[in-house]
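Have a look at protein_14.cif below; it lists mmCIF, C-alpha atoms and all ligand atoms.
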data_work
#
loop_
_atom_site.label_atom_id
_atom_site.label_comp_id
_atom_site.auth_asym_id
_atom_site.auth_seq_id
_atom_site.Cartn_x
_atom_site.Cartn_y
_atom_site.Cartn_z
CA MET A 530 0.00 0.00 0.00
CA PRO A 531 1.49 3.42 -0.89
CA GLY A 532 3.30 5.04 2.03
CA GLN A 533 2.90 1.97 4.25
CA LYS A 534 6.05 1.06 6.23
CA LEU A 535 5.28 -2.63 6.43
CA ARG A 536 3.62 -4.77 3.83
CA PHE A 537 -0.07 -4.96 4.73
CA PRO A 538 -0.88 -8.61 5.38
CA GLY A 539 -3.66 -10.06 3.25
CA ARG A 540 -4.73 -8.33 0.08
CA ASN A 541 -6.41 -5.04 -0.58
CA TYR A 542 -10.08 -5.79 -1.12
CA LEU A 543 -11.74 -3.61 -3.70
CA PHE A 544 -15.23 -2.62 -2.65
CA ALA A 545 -15.23 0.60 -4.60
CA PRO A 546 -17.59 0.21 -7.56
CA GLY A 547 -14.73 -0.34 -9.98
CA PRO A 548 -12.05 -1.28 -10.54
CA THR A 549 -13.25 -4.62 -9.29
CA HIS A 550 -11.44 -7.81 -8.29
CA ILE A 551 -9.81 -9.63 -11.18
CA PRO A 552 -10.65 -13.36 -11.15
CA THR A 553 -7.63 -15.69 -11.09
CA GLU A 554 -8.57 -17.07 -14.52
CA VAL A 555 -8.52 -13.57 -15.99
CA GLN A 556 -5.30 -12.60 -14.22
CA ASN A 557 -3.56 -15.75 -15.49
CA ALA A 558 -4.85 -15.25 -19.02
CA MET A 559 -3.21 -11.80 -19.09
CA ASN A 560 0.08 -13.02 -17.71
CA VAL A 561 1.51 -14.09 -21.06
CA PRO A 562 4.46 -12.88 -23.15
CA MET A 563 3.76 -9.99 -25.48
CA GLU A 564 2.27 -11.06 -28.80
CA ASP A 565 2.43 -9.76 -32.34
CA HIS A 566 -0.85 -8.02 -33.09
CA ARG A 567 -0.23 -8.46 -36.81
CA ALA A 568 0.47 -12.18 -36.59
CA PRO A 569 -1.49 -14.20 -39.14
CA ASP A 570 -3.39 -16.03 -36.39
CA PHE A 571 -4.24 -12.88 -34.36
CA PRO A 572 -7.77 -12.82 -35.84
CA GLU A 573 -8.39 -16.15 -34.08
CA LEU A 574 -8.35 -14.15 -30.84
CA VAL A 575 -10.12 -11.01 -32.04
CA LYS A 576 -12.98 -12.30 -34.18
CA PRO A 577 -14.50 -14.59 -31.52
CA ILE A 578 -14.20 -11.82 -28.90
CA LEU A 579 -16.17 -9.41 -31.08
CA LYS A 580 -18.73 -12.13 -31.79
CA ASP A 581 -19.10 -13.23 -28.17
CA LEU A 582 -19.37 -9.69 -26.84
CA LYS A 583 -22.79 -9.65 -28.49
CA LYS A 584 -23.90 -12.32 -26.01
CA ILE A 585 -22.87 -10.04 -23.14
CA PHE A 586 -24.80 -7.09 -24.60
CA LEU A 587 -27.69 -9.48 -25.36
CA THR A 588 -27.80 -8.55 -29.00
CA THR A 589 -27.78 -10.35 -32.31
CA THR A 590 -28.02 -7.22 -34.41
CA GLY A 591 -25.53 -4.86 -32.75
CA THR A 592 -21.88 -4.33 -33.66
CA PRO A 593 -19.38 -4.28 -30.78
CA PHE A 594 -16.26 -2.10 -30.75
CA ILE A 595 -13.23 -2.18 -28.46
CA PHE A 596 -11.09 0.92 -28.01
CA PRO A 597 -7.86 1.03 -25.99
CA ALA A 598 -9.33 3.68 -23.72
CA THR A 599 -11.78 4.04 -20.82
CA GLY A 600 -15.50 4.61 -20.42
CA THR A 601 -15.06 8.36 -20.83
CA ALA A 602 -13.69 7.85 -24.34
CA GLY A 603 -16.64 5.53 -24.95
CA TRP A 604 -18.98 8.47 -24.34
CA GLU A 605 -17.10 10.46 -26.99
CA VAL A 606 -17.08 7.53 -29.44
CA ALA A 607 -20.87 7.39 -29.15
CA LEU A 608 -21.52 11.10 -29.70
CA ALA A 609 -18.75 11.96 -32.17
CA ASN A 610 -19.48 9.09 -34.56
CA THR A 611 -23.17 9.86 -34.92
CA LEU A 612 -23.69 13.62 -34.50
CA SER A 613 -22.52 16.96 -35.87
CA PRO A 614 -21.57 20.15 -34.01
CA GLY A 615 -24.73 22.03 -33.03
CA ASP A 616 -26.90 18.90 -33.03
CA LYS A 617 -29.22 18.74 -30.06
CA ILE A 618 -29.32 15.95 -27.49
CA LEU A 619 -31.55 15.40 -24.49
CA THR A 620 -30.08 14.22 -21.21
CA SER A 621 -30.49 14.45 -17.44
CA ARG A 622 -28.05 14.92 -14.58
CA PHE A 623 -28.47 13.19 -11.24
CA GLY A 624 -24.91 12.27 -10.25
CA GLN A 625 -21.28 12.71 -11.16
CA PHE A 626 -21.27 10.40 -14.18
CA SER A 627 -24.46 11.66 -15.79
CA HIS A 628 -22.94 15.12 -15.23
CA LEU A 629 -19.64 14.19 -16.91
CA TRP A 630 -21.28 12.80 -20.05
CA TYR A 631 -23.36 15.99 -20.31
CA ASP A 632 -20.20 18.05 -19.85
CA LEU A 633 -18.38 16.10 -22.57
CA ALA A 634 -21.26 16.65 -24.99
CA ILE A 635 -21.06 20.43 -24.45
CA ARG A 636 -17.29 20.40 -24.86
CA ILE A 637 -17.42 18.66 -28.23
CA GLY A 638 -19.87 21.27 -29.52
CA LEU A 639 -23.30 19.72 -29.14
CA GLU A 640 -26.37 21.56 -27.95
CA VAL A 641 -27.74 19.92 -24.83
CA GLU A 642 -31.22 20.08 -23.34
CA LEU A 643 -30.50 19.17 -19.73
CA VAL A 644 -33.11 18.05 -17.22
CA ASP A 645 -31.52 18.56 -13.82
CA THR A 646 -32.87 15.87 -11.53
CA PRO A 647 -32.38 15.41 -7.76
CA TRP A 648 -29.39 13.21 -6.96
CA GLY A 649 -30.78 9.91 -5.68
CA GLU A 650 -33.30 9.67 -8.53
CA GLY A 651 -32.72 8.45 -12.09
CA VAL A 652 -33.71 9.30 -15.66
CA PRO A 653 -36.98 11.29 -15.47
CA VAL A 654 -38.82 9.26 -18.10
CA GLU A 655 -42.12 11.17 -17.95
CA LYS A 656 -40.37 14.54 -18.33
CA PHE A 657 -38.36 13.18 -21.26
CA LYS A 658 -41.57 11.94 -22.86
CA LYS A 659 -43.15 15.40 -22.67
CA ILE A 660 -40.04 17.08 -24.10
CA LEU A 661 -39.85 14.56 -26.94
CA ALA A 662 -43.56 14.89 -27.69
CA ALA A 663 -43.15 18.67 -27.92
CA ASP A 664 -40.18 18.32 -30.30
CA LYS A 665 -42.32 18.43 -33.44
CA ASP A 666 -39.39 19.28 -35.77
CA LYS A 667 -37.38 16.33 -34.39
CA LYS A 668 -34.48 18.61 -33.47
CA ILE A 669 -33.38 16.19 -30.75
CA LYS A 670 -31.02 13.73 -32.40
CA ALA A 671 -30.14 11.60 -29.38
CA VAL A 672 -31.48 10.75 -25.94
CA VAL A 673 -28.54 10.15 -23.64
CA ALA A 674 -29.05 8.17 -20.44
CA CYS A 675 -26.87 6.89 -17.62
CA HIS A 676 -28.24 3.43 -16.83
CA ASN A 677 -26.47 3.03 -13.51
CA GLU A 678 -25.35 6.22 -11.78
CA THR A 679 -22.35 4.93 -9.87
CA ALA A 680 -22.06 8.03 -7.69
CA THR A 681 -25.43 7.54 -6.01
CA GLY A 682 -26.22 3.84 -6.58
CA VAL A 683 -29.20 4.55 -8.80
CA THR A 684 -30.41 2.39 -11.70
CA SER A 685 -32.69 3.93 -14.30
CA ASP A 686 -35.51 2.34 -16.26
CA ILE A 687 -34.12 2.08 -19.79
CA ALA A 688 -36.94 -0.21 -20.94
CA GLY A 689 -39.38 2.48 -19.76
CA LEU A 690 -37.42 5.18 -21.54
CA ARG A 691 -37.49 3.23 -24.82
CA LYS A 692 -41.23 2.70 -24.39
CA ALA A 693 -41.77 6.43 -23.86
CA MET A 694 -39.73 7.25 -26.96
CA ASN A 695 -41.80 4.79 -28.98
CA GLN A 696 -45.07 6.14 -27.61
CA VAL A 697 -44.30 9.63 -28.87
CA LYS A 698 -42.77 8.16 -32.04
CA HIS A 699 -39.51 10.02 -31.61
CA PRO A 700 -36.68 8.86 -33.92
CA ALA A 701 -33.76 10.06 -31.74
CA LEU A 702 -30.97 7.62 -31.06
CA LEU A 703 -31.00 6.06 -27.60
CA MET A 704 -27.48 6.15 -26.13
CA VAL A 705 -26.92 4.42 -22.80
CA ASP A 706 -24.01 4.49 -20.39
CA GLY A 707 -23.73 0.96 -19.05
CA VAL A 708 -20.25 1.35 -17.57
CA SER A 709 -21.34 0.11 -14.15
CA SER A 710 -24.25 -2.06 -15.30
CA ILE A 711 -23.20 -4.07 -18.35
CA ALA A 712 -22.06 -7.62 -17.53
CA SER A 713 -23.56 -7.27 -14.03
CA ILE A 714 -27.26 -6.35 -14.10
CA PRO A 715 -29.89 -6.76 -16.81
CA PHE A 716 -28.86 -4.78 -19.88
CA ARG A 717 -30.82 -5.85 -22.93
CA PHE A 718 -29.47 -4.14 -26.04
CA ASP A 719 -31.92 -5.68 -28.53
CA LYS A 720 -34.99 -5.86 -26.32
CA TRP A 721 -34.68 -2.24 -25.24
CA LYS A 722 -33.73 -1.20 -28.78
CA ILE A 723 -30.66 0.64 -27.59
CA ASP A 724 -28.67 2.39 -30.32
CA ILE A 725 -25.36 2.78 -28.54
CA ALA A 726 -24.19 1.11 -25.34
CA VAL A 727 -21.00 2.27 -23.63
CA SER A 728 -18.99 0.25 -21.17
CA GLY A 729 -15.50 -0.05 -19.71
CA SER A 730 -13.33 -3.00 -18.76
CA GLN A 731 -12.79 -2.37 -15.04
CA LYS A 732 -16.26 -3.10 -13.64
CA GLY A 733 -18.53 -5.97 -14.71
CA PHE A 734 -15.87 -7.23 -17.11
CA MET A 735 -13.53 -7.73 -14.12
CA LEU A 736 -10.43 -6.47 -15.95
CA PRO A 737 -7.99 -3.64 -15.38
CA ALA A 738 -9.09 -0.28 -16.80
CA GLY A 739 -7.98 0.25 -20.39
CA LEU A 740 -10.77 -0.85 -22.71
CA ALA A 741 -13.82 1.11 -23.77
CA ILE A 742 -16.29 -1.51 -24.95
CA LEU A 743 -19.25 -0.35 -27.03
CA CYS A 744 -22.08 -1.68 -29.12
CA PHE A 745 -23.76 0.16 -32.03
CA SER A 746 -27.15 -0.58 -33.60
CA LYS A 747 -27.48 -0.58 -37.40
CA LYS A 748 -29.17 2.81 -37.21
CA ALA A 749 -26.33 4.28 -35.12
CA LEU A 750 -23.73 2.75 -37.46
CA ALA A 751 -25.35 4.37 -40.47
CA MET A 752 -25.16 7.81 -38.86
CA ARG A 753 -21.35 7.83 -39.09
CA LYS A 754 -21.79 8.75 -42.75
CA THR A 755 -23.42 12.08 -41.92
CA ALA A 756 -21.77 12.81 -38.54
CA LYS A 757 -19.46 15.81 -38.78
CA CYS A 758 -18.03 15.86 -35.26
CA LYS A 759 -14.24 15.76 -35.56
CA ARG A 760 -12.74 12.38 -34.78
CA CYS A 761 -9.56 10.53 -35.55
CA PHE A 762 -8.39 8.05 -32.91
CA LEU A 763 -12.00 7.46 -31.91
CA ASP A 764 -13.38 6.97 -35.44
CA ILE A 765 -15.32 3.72 -35.66
CA GLN A 766 -14.76 3.63 -39.43
CA ASP A 767 -11.13 2.62 -38.88
CA HIS A 768 -12.34 -0.23 -36.65
CA ILE A 769 -14.97 -1.29 -39.16
CA ASN A 770 -12.25 -1.47 -41.85
CA THR A 771 -9.89 -3.62 -39.77
CA ASN A 772 -12.12 -5.54 -37.32
CA LYS A 773 -13.76 -7.41 -40.20
CA ASP A 774 -10.44 -9.19 -40.76
CA GLY A 775 -9.76 -9.61 -37.03
CA PHE A 776 -7.31 -6.71 -36.63
CA PHE A 777 -7.22 -3.24 -35.10
CA PRO A 778 -6.34 0.10 -36.71
CA TYR A 779 -3.45 0.48 -34.24
CA THR A 780 -1.59 -1.57 -31.64
CA PRO A 781 -4.22 -3.02 -29.30
CA PRO A 782 -3.47 -3.93 -25.67
CA VAL A 783 -3.14 -7.64 -26.41
CA ASN A 784 -2.91 -8.73 -22.77
CA LEU A 785 -6.17 -6.96 -22.00
CA LEU A 786 -7.74 -8.77 -24.95
CA ARG A 787 -6.48 -12.08 -23.53
CA GLY A 788 -8.08 -11.08 -20.23
CA LEU A 789 -11.29 -10.07 -21.98
CA ARG A 790 -11.45 -13.49 -23.63
CA ALA A 791 -11.21 -15.14 -20.19
CA SER A 792 -13.73 -12.75 -18.66
CA ILE A 793 -16.28 -13.33 -21.44
CA ASP A 794 -15.81 -17.10 -20.94
CA LEU A 795 -16.48 -16.78 -17.20
CA LEU A 796 -19.59 -14.67 -17.77
CA LEU A 797 -21.00 -16.95 -20.45
CA ASP A 798 -20.21 -20.12 -18.46
CA GLU A 799 -22.18 -18.74 -15.55
CA GLY A 800 -24.89 -17.52 -17.93
CA MET A 801 -25.91 -13.87 -18.16
CA GLU A 802 -29.24 -14.41 -16.39
CA ASN A 803 -27.38 -16.12 -13.52
CA VAL A 804 -24.90 -13.25 -13.39
CA PHE A 805 -27.83 -10.82 -13.07
CA LYS A 806 -29.47 -12.93 -10.36
CA ARG A 807 -26.22 -13.21 -8.39
CA HIS A 808 -25.78 -9.45 -8.42
CA ASN A 809 -29.37 -9.00 -7.27
CA ARG A 810 -28.95 -11.47 -4.39
CA LEU A 811 -25.70 -9.93 -3.21
CA ALA A 812 -27.17 -6.43 -3.43
CA ASN A 813 -30.26 -7.49 -1.46
CA GLY A 814 -27.98 -8.75 1.33
CA VAL A 815 -26.06 -5.48 1.41
CA ARG A 816 -29.32 -3.51 1.49
CA ALA A 817 -30.58 -5.69 4.36
CA ALA A 818 -27.38 -4.81 6.25
CA VAL A 819 -27.78 -1.08 5.63
CA LYS A 820 -31.36 -1.23 6.91
CA ALA A 821 -30.33 -3.20 10.01
CA TRP A 822 -27.67 -0.58 10.77
CA GLY A 823 -30.48 1.98 10.84
CA LEU A 824 -28.98 3.82 7.87
CA SER A 825 -30.42 4.64 4.47
CA LEU A 826 -29.31 4.74 0.86
CA ALA A 827 -28.75 7.76 -1.36
CA ALA A 828 -31.19 6.16 -3.82
CA LYS A 829 -34.47 7.80 -2.92
CA SER A 830 -36.77 4.83 -3.47
CA PRO A 831 -36.48 1.07 -4.04
CA LYS A 832 -37.27 1.51 -7.74
CA TRP A 833 -33.89 3.23 -8.10
CA HIS A 834 -31.89 0.66 -6.08
CA SER A 835 -28.74 -0.40 -7.89
CA ASP A 836 -27.60 -4.01 -7.78
CA THR A 837 -24.00 -3.03 -8.45
CA VAL A 838 -23.33 -0.29 -5.89
CA SER A 839 -24.93 0.98 -2.69
CA ALA A 840 -24.26 4.56 -1.61
CA ILE A 841 -24.86 4.76 2.13
CA TRP A 842 -26.20 8.09 3.22
CA LEU A 843 -24.92 9.90 6.32
CA GLU A 844 -26.86 13.17 6.58
CA PRO A 845 -24.42 15.95 7.56
CA GLY A 846 -25.39 17.38 10.96
CA SER A 847 -27.34 14.24 11.91
CA ALA A 848 -26.41 12.26 15.04
CA ASN A 849 -24.21 9.98 12.94
CA ASN A 850 -22.49 12.72 10.98
CA LYS A 851 -22.41 15.79 13.25
CA ASN A 852 -19.07 17.01 11.91
CA GLY A 853 -19.97 16.24 8.29
CA LYS A 854 -16.80 14.18 7.99
CA LYS A 855 -17.97 10.74 9.04
CA ALA A 856 -18.30 9.25 5.57
CA VAL A 857 -14.71 10.23 4.79
CA GLU A 858 -13.59 8.87 8.18
CA VAL A 859 -15.22 5.49 7.49
CA ILE A 860 -13.50 5.29 4.08
CA ASN A 861 -10.10 6.31 5.47
CA ILE A 862 -10.27 3.93 8.42
CA ALA A 863 -11.39 1.07 6.19
CA TYR A 864 -8.43 1.71 3.91
CA HIS A 865 -5.65 2.45 6.37
CA ARG A 866 -6.63 0.13 9.19
CA TYR A 867 -8.30 -2.77 7.41
CA ASN A 868 -6.95 -2.61 3.85
CA ILE A 869 -10.23 -2.38 1.99
CA SER A 870 -11.24 0.26 -0.54
CA LEU A 871 -14.74 1.73 -0.37
CA GLY A 872 -16.17 4.25 -2.82
CA ALA A 873 -15.98 7.91 -1.84
CA GLY A 874 -18.75 10.49 -2.14
CA LEU A 875 -18.24 12.50 -5.34
CA SER A 876 -19.08 16.14 -5.99
CA GLN A 877 -22.54 17.02 -4.55
CA VAL A 878 -22.52 13.98 -2.24
CA ALA A 879 -18.90 14.30 -1.07
CA GLY A 880 -18.76 13.70 2.70
CA LYS A 881 -22.36 12.52 2.71
CA VAL A 882 -21.97 8.98 1.41
CA PHE A 883 -19.62 6.08 1.39
CA ARG A 884 -20.20 3.45 -1.26
CA ILE A 885 -19.97 -0.32 -1.24
CA GLY A 886 -19.43 -1.79 -4.70
CA HIS A 887 -20.99 -5.23 -5.11
CA LEU A 888 -20.28 -5.89 -8.76
CA GLY A 889 -17.97 -8.27 -10.51
CA ASP A 890 -16.36 -11.41 -9.17
CA ASN A 891 -18.14 -11.53 -5.80
CA ASN A 892 -19.97 -14.01 -3.64
CA GLU A 893 -21.49 -13.99 -0.15
CA ALA A 894 -18.16 -14.58 1.60
CA ARG A 895 -16.51 -11.68 -0.12
CA MET A 896 -19.46 -9.39 0.59
CA MET A 897 -19.33 -10.49 4.24
CA ALA A 898 -15.73 -9.23 4.30
CA ALA A 899 -17.01 -5.88 3.05
CA LEU A 900 -19.89 -5.68 5.51
CA GLY A 901 -17.86 -6.89 8.51
CA THR A 902 -15.09 -4.42 7.75
CA VAL A 903 -17.56 -1.58 7.24
CA GLU A 904 -18.98 -2.42 10.69
CA MET A 905 -15.49 -2.17 12.22
CA ALA A 906 -14.74 1.08 10.41
CA MET A 907 -18.10 2.54 11.51
CA MET A 908 -17.42 1.52 15.13
CA ASP A 909 -14.00 3.16 14.95
CA ALA A 910 -15.55 6.30 13.44
CA GLY A 911 -18.11 6.49 16.27
CA ILE A 912 -21.19 5.82 14.17
CA LYS A 913 -24.09 4.56 16.25
CA PHE A 914 -25.43 1.17 15.22
CA ARG A 915 -25.61 -2.31 16.70
CA PRO A 916 -22.40 -4.18 15.78
CA GLY A 917 -23.25 -7.42 14.02
CA SER A 918 -26.72 -6.22 13.02
CA GLY A 919 -25.80 -5.68 9.35
CA THR A 920 -23.73 -8.83 8.90
CA GLY A 921 -26.49 -10.76 10.70
CA ALA A 922 -29.23 -9.41 8.46
CA ALA A 923 -27.20 -10.12 5.33
CA ALA A 924 -26.39 -13.65 6.51
CA LYS A 925 -30.06 -14.28 7.18
CA TYR A 926 -30.99 -13.10 3.70
CA TRP A 927 -28.26 -15.04 1.91
CA CYS A 928 -28.91 -18.26 3.88
CA ALA A 929 -32.62 -18.06 3.02
CA ASN A 930 -31.82 -17.28 -0.62
CA PRO A 931 -28.91 -19.45 -1.75
CA ASN A 932 -27.37 -19.19 -5.19
CA LYS A 933 -29.54 -21.66 -7.10
CA ALA A 934 -27.14 -21.76 -10.03
CA LEU A 935 -24.51 -23.54 -7.93
CA LYS A 936 -24.37 -27.32 -7.58
CA LYS A 937 -26.69 -28.66 -4.89
CA ILE A 938 -24.88 -29.88 -1.77
CA LYS A 939 -25.94 -33.44 -0.91
C1 LIG A 1001 -21.44 5.14 -14.85
C2 LIG A 1001 -20.07 5.53 -15.27
N1 LIG A 1001 -19.89 6.07 -16.47
C3 LIG A 1001 -18.69 6.42 -16.92
C4 LIG A 1001 -17.57 6.28 -16.13
C5 LIG A 1001 -16.26 6.74 -16.63
O1 LIG A 1001 -15.47 5.65 -16.96
P1 LIG A 1001 -13.89 5.71 -16.95
O2 LIG A 1001 -13.46 6.12 -15.60
O3 LIG A 1001 -13.52 4.30 -17.31
O4 LIG A 1001 -13.49 6.69 -17.99
C6 LIG A 1001 -17.68 5.71 -14.87
C7 LIG A 1001 -16.50 5.51 -14.02
O5 LIG A 1001 -16.58 5.11 -12.89
C8 LIG A 1001 -18.97 5.32 -14.43
O6 LIG A 1001 -19.16 4.77 -13.23
#
Is it possible to give me this structure as structure tokens?
Amino acid sequence: MPGQKLRFPGRNYLFAPGPTHIPTEVQNAMNVPMEDHRAPDFPELVKPILKDLKKIFLTTTGTPFIFPATGTAGWEVALANTLSPGDKILTSRFGQFSHLWYDLAIRIGLEVELVDTPWGEGVPVEKFKKILAADKDKKIKAVVACHNETATGVTSDIAGLRKAMNQVKHPALLMVDGVSSIASIPFRFDKWKIDIAVSGSQKGFMLPAGLAILCFSKKALAMRKTAKCKRCFLDIQDHINTNKDGFFPYTPPVNLLRGLRASIDLLLDEGMENVFKRHNRLANGVRAAVKAWGLSLAAKSPKWHSDTVSAIWLEPGSANNKNGKKAVEVINIAYHRYNISLGAGLSQVAGKVFRIGHLGDNNEARMMAALGTVEMAMMDAGIKFRPGSGTGAAAKYWCANPNKALKKIK
């Protein structure tokens, strides 16, 4: 650990909502000598990855792309390859990541209709519907939505948003940030008729950061021909030209691709529906713990609850956060004393929340480590709750709801 005099025994557990733990299979797959990305058999690695990514996005019609970049670049890939400067998009802001995508859109020259929404809520579908219905000249070219707002632990209703767009017969593209939802919770590219999905490697894909992973619908792909936003490194056309033969337009991070192959195999072996169910079960246990501690979530109602991250709310000035610094204290104690990383409060919710990530390669035992350590850190920070109440409630939930996908114990 940086600055630590002695090696910290055990390993640093990652319970921030990304980067997540890397499974041994993925780690080993990446630990190989460097390879020639122009070798004649390189397409044997690349082509199946691009094909199998469709099964992760739950699409048969979409086209996946992999950029050596992060989720932020994925946002730009989506906008710059389909739109022109001055084009109008509709989006909402209810957390740091929905804010950052909005900010990026402005900075690349788009016009943005922004619906500011209280943090702790998600995409305001009804408001969007009214705005789209009033857009008679179809000036809005894209509806941009953050599926899982990682800063507040809020999941939005993308199926509902698509339905609303259909009801008012609006032709805008539907672009969805699935950075902290894809490969973890239900994300149905075809069923929800998503036009562009954006993800990154360091969350549900259980890899290091370094890949922006996207999927484009046919309609979104076609828009590259008219899109005038400037692009070079992030131009999908260069990928279209080379991916078809199993290559990249530049040197790809081959070890990350090896890891991605292993990660896709793990996800597909488990089965996407089982992956979704596992995340839901683990999240329910964490939520049971938060309730038993007498605390609440930043997500304002159960319909917004995220199955990948819980942001635990400590109201500044309240008995448990009189000095307004308790959330930061819990995070610092957890890190320095117990060697686990929790998610910090970002921007508007800084100092008001600490976050437990429950996405990626997790099971009950690992989540127990998170909950038990959070209890110790909260005790140390002087937060009032009954020690053992959260771990007890989670244990009760998980024992009553075992992972049905696992082999039955005789
Ligand atoms: C929902 C969401 N979108 C986008 C991003 C940005 O991704 P990156 O940090 O990989 O650029 C993040 C990062 O945490 C995120 O949680």
Per residue of chain A within 8 Å of ligand LIG 1001 (chain A), which atom pair is closest and at what distance in Å (one decimal), using only C-alpha atoms and all ligand atoms, listed by chain and increasing number, as CSV?
residue,atom,partner,partner_atom,distance
A:Pro546,CA,A:LIG1001,O5,7.3
A:Gly547,CA,A:LIG1001,O5,6.4
A:Ala598,CA,A:LIG1001,O3,7.7
A:Thr599,CA,A:LIG1001,O3,3.9
A:Gly600,CA,A:LIG1001,O1,3.6
A:Thr601,CA,A:LIG1001,O4,3.6
A:Ala602,CA,A:LIG1001,O4,6.5
A:Gly603,CA,A:LIG1001,O4,7.7
A:Trp604,CA,A:LIG1001,C3,7.7
A:Phe626,CA,A:LIG1001,N1,5.1
A:Ser627,CA,A:LIG1001,C1,7.2
A:Leu629,CA,A:LIG1001,C3,7.8
A:Trp630,CA,A:LIG1001,C3,7.6
A:Cys675,CA,A:LIG1001,C1,6.3
A:His676,CA,A:LIG1001,C1,7.3
A:Asn677,CA,A:LIG1001,C1,5.6
A:Glu678,CA,A:LIG1001,C1,5.1
A:Thr679,CA,A:LIG1001,O6,4.6
A:Ala680,CA,A:LIG1001,O6,7.1
A:Asp706,CA,A:LIG1001,N1,5.9
A:Gly707,CA,A:LIG1001,C1,6.4
A:Val708,CA,A:LIG1001,C2,4.8
A:Ser709,CA,A:LIG1001,C1,5.1
A:Ser710,CA,A:LIG1001,C1,7.7
A:Ser728,CA,A:LIG1001,C3,7.5
A:Gly729,CA,A:LIG1001,O3,5.3
A:Ser730,CA,A:LIG1001,O3,7.4
A:Gln731,CA,A:LIG1001,O3,7.1
A:Ala738,CA,A:LIG1001,O3,6.4
A:Gly739,CA,A:LIG1001,O3,7.5
A:Leu740,CA,A:LIG1001,O3,8.0
A:Ala741,CA,A:LIG1001,O3,7.2
Can you spit out the residues from that selection as a PDB file, in the frame of the given file, using C-alpha atoms?
ATOM      1  CA  PRO A 546     -17.590   0.210  -7.560  1.00  0.00           C
ATOM      2  CA  GLY A 547     -14.730  -0.340  -9.980  1.00  0.00           C
ATOM      3  CA  ALA A 598      -9.330   3.680 -23.720  1.00  0.00           C
ATOM      4  CA  THR A 599     -11.780   4.040 -20.820  1.00  0.00           C
ATOM      5  CA  GLY A 600     -15.500   4.610 -20.420  1.00  0.00           C
ATOM      6  CA  THR A 601     -15.060   8.360 -20.830  1.00  0.00           C
ATOM      7  CA  ALA A 602     -13.690   7.850 -24.340  1.00  0.00           C
ATOM      8  CA  GLY A 603     -16.640   5.530 -24.950  1.00  0.00           C
ATOM      9  CA  TRP A 604     -18.980   8.470 -24.340  1.00  0.00           C
ATOM     10  CA  PHE A 626     -21.270  10.400 -14.180  1.00  0.00           C
ATOM     11  CA  SER A 627     -24.460  11.660 -15.790  1.00  0.00           C
ATOM     12  CA  LEU A 629     -19.640  14.190 -16.910  1.00  0.00           C
ATOM     13  CA  TRP A 630     -21.280  12.800 -20.050  1.00  0.00           C
ATOM     14  CA  CYS A 675     -26.870   6.890 -17.620  1.00  0.00           C
ATOM     15  CA  HIS A 676     -28.240   3.430 -16.830  1.00  0.00           C
ATOM     16  CA  ASN A 677     -26.470   3.030 -13.510  1.00  0.00           C
ATOM     17  CA  GLU A 678     -25.350   6.220 -11.780  1.00  0.00           C
ATOM     18  CA  THR A 679     -22.350   4.930  -9.870  1.00  0.00           C
ATOM     19  CA  ALA A 680     -22.060   8.030  -7.690  1.00  0.00           C
ATOM     20  CA  ASP A 706     -24.010   4.490 -20.390  1.00  0.00           C
ATOM     21  CA  GLY A 707     -23.730   0.960 -19.050  1.00  0.00           C
ATOM     22  CA  VAL A 708     -20.250   1.350 -17.570  1.00  0.00           C
ATOM     23  CA  SER A 709     -21.340   0.110 -14.150  1.00  0.00           C
ATOM     24  CA  SER A 710     -24.250  -2.060 -15.300  1.00  0.00           C
ATOM     25  CA  SER A 728     -18.990   0.250 -21.170  1.00  0.00           C
ATOM     26  CA  GLY A 729     -15.500  -0.050 -19.710  1.00  0.00           C
ATOM     27  CA  SER A 730     -13.330  -3.000 -18.760  1.00  0.00           C
ATOM     28  CA  GLN A 731     -12.790  -2.370 -15.040  1.00  0.00           C
ATOM     29  CA  ALA A 738      -9.090  -0.280 -16.800  1.00  0.00           C
ATOM     30  CA  GLY A 739      -7.980   0.250 -20.390  1.00  0.00           C
ATOM     31  CA  LEU A 740     -10.770  -0.850 -22.710  1.00  0.00           C
ATOM     32  CA  ALA A 741     -13.820   1.110 -23.770  1.00  0.00           C
TER      33      ALA A 741
END
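The space separating atom CA of His628 of chain A from atom CA of Arg807 of chain A comes to 29.3 Å.
The space separating atom CA of His887 of chain A from atom CA of His550 of chain A comes to 10.4 Å.
Minimum atom-to-atom distances from A:Gly853, A:Pro593, A:Gly788, A:Pro614 to Leu574 of chain A were compared using all atoms listed in the file, and the lowest value belongs to A:Gly788.
Considering the residues A:Met905, A:Val882, A:Gly889, A:Arg717 and counting all atoms listed in the file, Asn868 of chain A has its shortest atom-to-atom contact with A:Met905.
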